[in-house]
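Colleague: One structure is given below, represented as structure tokens, and several questions about it will come after.
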Amino acid sequence: MELVKKYEGVSKQGMLFPFISAQKYNDSIKKVFKMAGITRNVIIRNARTGENELVPIDTVASSHLARRTFIGNAYFKVSDPNLIGKMSGHVDGSRAFKRYRNIEDETLKSVIDLIG
């Protein structure tokens, strides 16, 4: 709430916080990951070579990763794609939104338990 109060009225477009470029935003996310000690290795596909590589997550963290993680975690807890789609700014029937969702085995089991 302190940050909300600090930036109240600063944006002429009515945004909650001042806009920074996408690159600076992503650089800041990487910095926060490193500061928090979130540096585990993850597998990514190298766009140039097409090969999978093992890299520290803090070097590839981005707003897109954060959005996908939010959607996956929220869907696991809420299981209502319409609600989560709206919260994440996706339009109804968005193919991108469908790609973000990972349907966990536990979710599938709970649906089967509801039916049976």
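Letters A, B, ... go to the chains of the structure tokens in the order shown; residues in each chain start at 1; ligands are counted from 1 in the same order.
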From a DSSP calculation on the backbone, collect every residue of chain A in strand (DSSP E) and output the set as number ranges by chain.

Modeller: A: 41-45, 52-56

Colleague: Please identify which residues in chain A DSSP calls helix (DSSP H, G or I) from the backbone, and express them as a ChimeraX atom specification.

Modeller: /A:2-7,22-35,57-60,63-78,81-87,95-100,105-115

Colleague: If you count only C-alpha atoms, which residues fall within 8 Å of Ser63 in chain A, apart from same-chain ones fewer than 2 positions away, as a PyMOL selection string?

Modeller: chain A and resi 25-26+29+61+65-67

Colleague: Could you save those same residues with all heavy atoms as a compact mmCIF listing (two decimals), in the first residue's frame?

Modeller:
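Ended up saving to selection.txt:
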```
# COMPACT_ATOMS: atom_id res chain seq x y z
N TYR A 25 11.66 -3.76 -17.31
CA TYR A 25 10.78 -4.57 -16.47
C TYR A 25 11.35 -5.99 -16.35
O TYR A 25 11.49 -6.53 -15.26
CB TYR A 25 9.38 -4.57 -17.07
CG TYR A 25 8.32 -5.30 -16.29
CD1 TYR A 25 8.12 -5.05 -14.94
CD2 TYR A 25 7.49 -6.22 -16.91
CE1 TYR A 25 7.13 -5.70 -14.22
CE2 TYR A 25 6.49 -6.87 -16.21
CZ TYR A 25 6.32 -6.61 -14.87
OH TYR A 25 5.34 -7.26 -14.16
N ASN A 26 11.71 -6.58 -17.48
CA ASN A 26 12.27 -7.93 -17.47
C ASN A 26 13.63 -7.97 -16.78
O ASN A 26 13.94 -8.93 -16.06
CB ASN A 26 12.36 -8.49 -18.89
CG ASN A 26 11.00 -8.89 -19.41
OD1 ASN A 26 10.12 -9.29 -18.66
ND2 ASN A 26 10.81 -8.77 -20.72
N ILE A 29 12.92 -8.07 -13.13
CA ILE A 29 12.46 -9.40 -12.70
C ILE A 29 13.66 -10.32 -12.51
O ILE A 29 13.75 -11.05 -11.52
CB ILE A 29 11.45 -9.98 -13.71
CG1 ILE A 29 10.13 -9.19 -13.65
CG2 ILE A 29 11.20 -11.47 -13.45
CD1 ILE A 29 9.13 -9.53 -14.73
N ALA A 61 14.22 -15.40 -16.57
CA ALA A 61 12.97 -14.93 -15.97
C ALA A 61 12.48 -13.69 -16.71
O ALA A 61 13.27 -12.86 -17.14
CB ALA A 61 13.19 -14.60 -14.50
N LEU A 65 7.13 -15.31 -18.37
CA LEU A 65 7.26 -16.44 -17.46
C LEU A 65 6.35 -16.23 -16.24
O LEU A 65 5.66 -17.15 -15.80
CB LEU A 65 8.71 -16.62 -17.02
CG LEU A 65 8.96 -17.67 -15.94
CD1 LEU A 65 8.86 -19.07 -16.51
CD2 LEU A 65 10.32 -17.46 -15.30
N ALA A 66 6.35 -15.02 -15.71
CA ALA A 66 5.53 -14.71 -14.55
C ALA A 66 4.04 -14.88 -14.88
O ALA A 66 3.28 -15.44 -14.08
CB ALA A 66 5.81 -13.28 -14.08
N ARG A 67 3.64 -14.43 -16.04
CA ARG A 67 2.23 -14.54 -16.45
C ARG A 67 1.83 -16.00 -16.60
O ARG A 67 0.79 -16.43 -16.13
CB ARG A 67 2.02 -13.79 -17.76
CG ARG A 67 0.59 -13.73 -18.21
CD ARG A 67 0.47 -12.93 -19.48
NE ARG A 67 -0.92 -12.59 -19.74
CZ ARG A 67 -1.37 -12.19 -20.90
NH1 ARG A 67 -0.55 -12.03 -21.91
NH2 ARG A 67 -2.64 -11.92 -21.06
```

Colleague: Contacts of Asn52 in chain A at 10 Å or less, counting only C-alpha atoms, minus same-chain residues fewer than 6 places along, as a list in words?

Modeller: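 Answer for this query is Val42, Ile43, Ile44, Arg45 and Asn46 of chain A.
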
Colleague: So, with only C-alpha atoms as the atoms that count, which of A:Lys5, A:Lys98, A:Lys34, A:Arg40 lies closest to Gly72 in chain A?

Modeller: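 Of the candidates, the smallest distance to Gly72 in chain A is held by A:Lys98.
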
Colleague: CA of Gly89 in chain A and CA of Glu2 in chain A, how far apart in Å?

Modeller: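 Rounded to one decimal, the two atoms are 25.7 Å apart.
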
Colleague: In Å to one decimal, how far is CA of Asp27 in chain A from CA of Thr39 in chain A?

Modeller: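 Between these atoms lies a distance of 14.7 Å.
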